[in-house]
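Okay, structure first, notes after.
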Amino acid sequence: MNGQNRSDIYPGLEVDIILKKDQRSGKLTRGIVKDLLTSSFHHSRGIKVRLEDGQVGRVAEIIDER
């Protein structure tokens, strides 16, 4: 599942995100969502989140619903 709809993403969800520094390479970073930073219902490049380890990026893929 992609990370474009805010309703699909919530704290505790395991996701792959693309960090700002990795946008060109497309390198993914896996982590657990702590906070949702995008307020709109939909974002074409992915909802921006903060992971539990403090990294911020846009959700590329939802891995596991806990």
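Letters A, B, ... go to the chains of the structure tokens in the order shown; residues in each chain start at 1; ligands are counted from 1 in the same order.
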
Show which residues sit within 7 Å of Gly57 in chain A, as a list in words. Count only C-alpha atoms, and ignore same-chain residues fewer than 3 positions away.
->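 Skipping anything fewer than 3 positions along the chain leaves Ile17, Ile18, Leu19, Lys20, Lys48, Val49 and Arg50 of chain A.
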
Now that the selection is made, can you save its residues with N, CA and C atoms as a compact mmCIF listing (two decimals), in the first residue's frame?
```txt
# COMPACT_ATOMS: atom_id res chain seq x y z
N ILE A 17 10.09 5.09 4.45
CA ILE A 17 10.01 6.49 4.06
C ILE A 17 11.21 6.86 3.19
N ILE A 18 11.06 7.96 2.46
CA ILE A 18 12.17 8.54 1.71
C ILE A 18 12.56 9.82 2.42
N LEU A 19 13.79 9.86 2.92
CA LEU A 19 14.31 11.06 3.57
C LEU A 19 14.61 12.11 2.49
N LYS A 20 14.61 13.38 2.88
CA LYS A 20 14.88 14.48 1.95
C LYS A 20 16.22 14.25 1.23
N LYS A 48 3.98 13.12 4.95
CA LYS A 48 5.22 13.34 5.71
C LYS A 48 5.00 12.91 7.15
N VAL A 49 5.95 12.11 7.67
CA VAL A 49 5.85 11.59 9.03
C VAL A 49 7.19 11.74 9.76
N ARG A 50 7.13 11.66 11.08
CA ARG A 50 8.32 11.56 11.93
C ARG A 50 8.33 10.16 12.49
```

Using DSSP on the backbone coordinates, identify the residues of chain A assigned to strand (DSSP E or B); present them as a list in words.
->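 So, restricting chain A to strand (DSSP E or B), we get Asn5, Glu14, Val15, Asp16, Ile17, Ile18, Leu19, Thr29, Arg30, Gly31, Ile32, Val33, Lys34, Asp35, Leu36, His42, Lys48, Val49, Arg50, Leu51, Val56, Gly57, Arg58, Val59, Ala60, Glu61, Ile62, Ile63 and Asp64 of chain A.
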
How about saving the chosen residues, N, CA and C atoms kept, as a compact mmCIF listing (two decimals), in the first residue's frame?
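Listing of part25.txt after writing:
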```txt
# COMPACT_ATOMS: atom_id res chain seq x y z
N ASN A 5 -2.41 8.51 1.31
CA ASN A 5 -3.64 8.87 2.01
C ASN A 5 -3.41 8.92 3.51
N GLU A 14 4.39 0.41 10.83
CA GLU A 14 5.72 0.24 10.24
C GLU A 14 5.67 0.65 8.78
N VAL A 15 6.57 1.56 8.38
CA VAL A 15 6.56 2.12 7.04
C VAL A 15 7.98 2.24 6.49
N ASP A 16 8.08 2.37 5.18
CA ASP A 16 9.31 2.79 4.52
C ASP A 16 9.10 4.24 4.11
N ILE A 17 10.09 5.09 4.45
CA ILE A 17 10.01 6.49 4.06
C ILE A 17 11.21 6.86 3.19
N ILE A 18 11.06 7.96 2.46
CA ILE A 18 12.17 8.54 1.71
C ILE A 18 12.56 9.82 2.42
N LEU A 19 13.79 9.86 2.92
CA LEU A 19 14.31 11.06 3.57
C LEU A 19 14.61 12.11 2.49
N THR A 29 14.07 4.18 4.03
CA THR A 29 14.41 4.01 5.43
C THR A 29 13.19 3.44 6.14
N ARG A 30 13.36 2.33 6.87
CA ARG A 30 12.24 1.68 7.54
C ARG A 30 12.16 2.12 8.99
N GLY A 31 10.94 2.30 9.47
CA GLY A 31 10.76 2.67 10.87
C GLY A 31 9.30 2.66 11.26
N ILE A 32 9.06 3.05 12.52
CA ILE A 32 7.72 3.09 13.09
C ILE A 32 7.27 4.54 13.19
N VAL A 33 6.06 4.83 12.72
CA VAL A 33 5.51 6.19 12.72
C VAL A 33 5.28 6.67 14.16
N LYS A 34 5.79 7.88 14.45
CA LYS A 34 5.53 8.53 15.73
C LYS A 34 4.50 9.63 15.56
N ASP A 35 4.71 10.50 14.56
CA ASP A 35 3.81 11.64 14.32
C ASP A 35 3.54 11.80 12.83
N LEU A 36 2.33 12.26 12.50
CA LEU A 36 2.00 12.64 11.13
C LEU A 36 2.20 14.14 11.01
N HIS A 42 -4.60 13.94 1.46
CA HIS A 42 -3.89 13.22 0.39
C HIS A 42 -2.68 14.04 -0.04
N LYS A 48 3.98 13.12 4.95
CA LYS A 48 5.22 13.34 5.71
C LYS A 48 5.00 12.91 7.15
N VAL A 49 5.95 12.11 7.67
CA VAL A 49 5.85 11.59 9.03
C VAL A 49 7.19 11.74 9.76
N ARG A 50 7.13 11.66 11.08
CA ARG A 50 8.32 11.56 11.93
C ARG A 50 8.33 10.16 12.49
N LEU A 51 9.46 9.47 12.36
CA LEU A 51 9.60 8.13 12.90
C LEU A 51 9.95 8.20 14.38
N VAL A 56 12.64 12.27 9.63
CA VAL A 56 11.44 12.80 8.97
C VAL A 56 11.53 12.53 7.48
N GLY A 57 10.43 12.04 6.91
CA GLY A 57 10.38 11.80 5.47
C GLY A 57 8.96 11.50 5.02
N ARG A 58 8.84 11.24 3.73
CA ARG A 58 7.53 10.94 3.16
C ARG A 58 7.34 9.43 3.02
N VAL A 59 6.15 8.97 3.36
CA VAL A 59 5.87 7.53 3.32
C VAL A 59 5.84 7.06 1.87
N ALA A 60 6.69 6.07 1.58
CA ALA A 60 6.72 5.46 0.24
C ALA A 60 5.88 4.20 0.22
N GLU A 61 5.88 3.47 1.35
CA GLU A 61 5.15 2.20 1.40
C GLU A 61 4.81 1.86 2.85
N ILE A 62 3.62 1.29 3.03
CA ILE A 62 3.21 0.81 4.34
C ILE A 62 3.60 -0.66 4.41
N ILE A 63 4.36 -1.02 5.44
CA ILE A 63 4.90 -2.38 5.55
C ILE A 63 3.98 -3.28 6.37
N ASP A 64 3.67 -2.86 7.60
CA ASP A 64 2.98 -3.75 8.53
C ASP A 64 2.02 -2.96 9.40
```

What does the distance between CA of Gly26 in chain A and CA of Ser7 in chain A come to in Å, to one decimal place?
->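 Interatomic distance here is 23.9 Å.
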
Could you jot down the CA of Thr38 in chain A to CA of Ile9 in chain A separation for me, Å, one decimal place?
->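 Answer for the CA of Thr38 in chain A to CA of Ile9 in chain A separation: 10.7 Å.
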
Expected answer as a list in words: helix (DSSP H, G or I) residues in chain A =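 Filtering chain A down to helix (DSSP H, G or I) leaves Arg6, Ser7, Asp8, Lys20, Lys21 and Asp22 of chain A.
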
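Proximity of A:Phe41, A:Gly54, A:Lys21, A:Gly46 to Met1 in chain A, computed with only C-alpha atoms, is greatest for A:Gly46.
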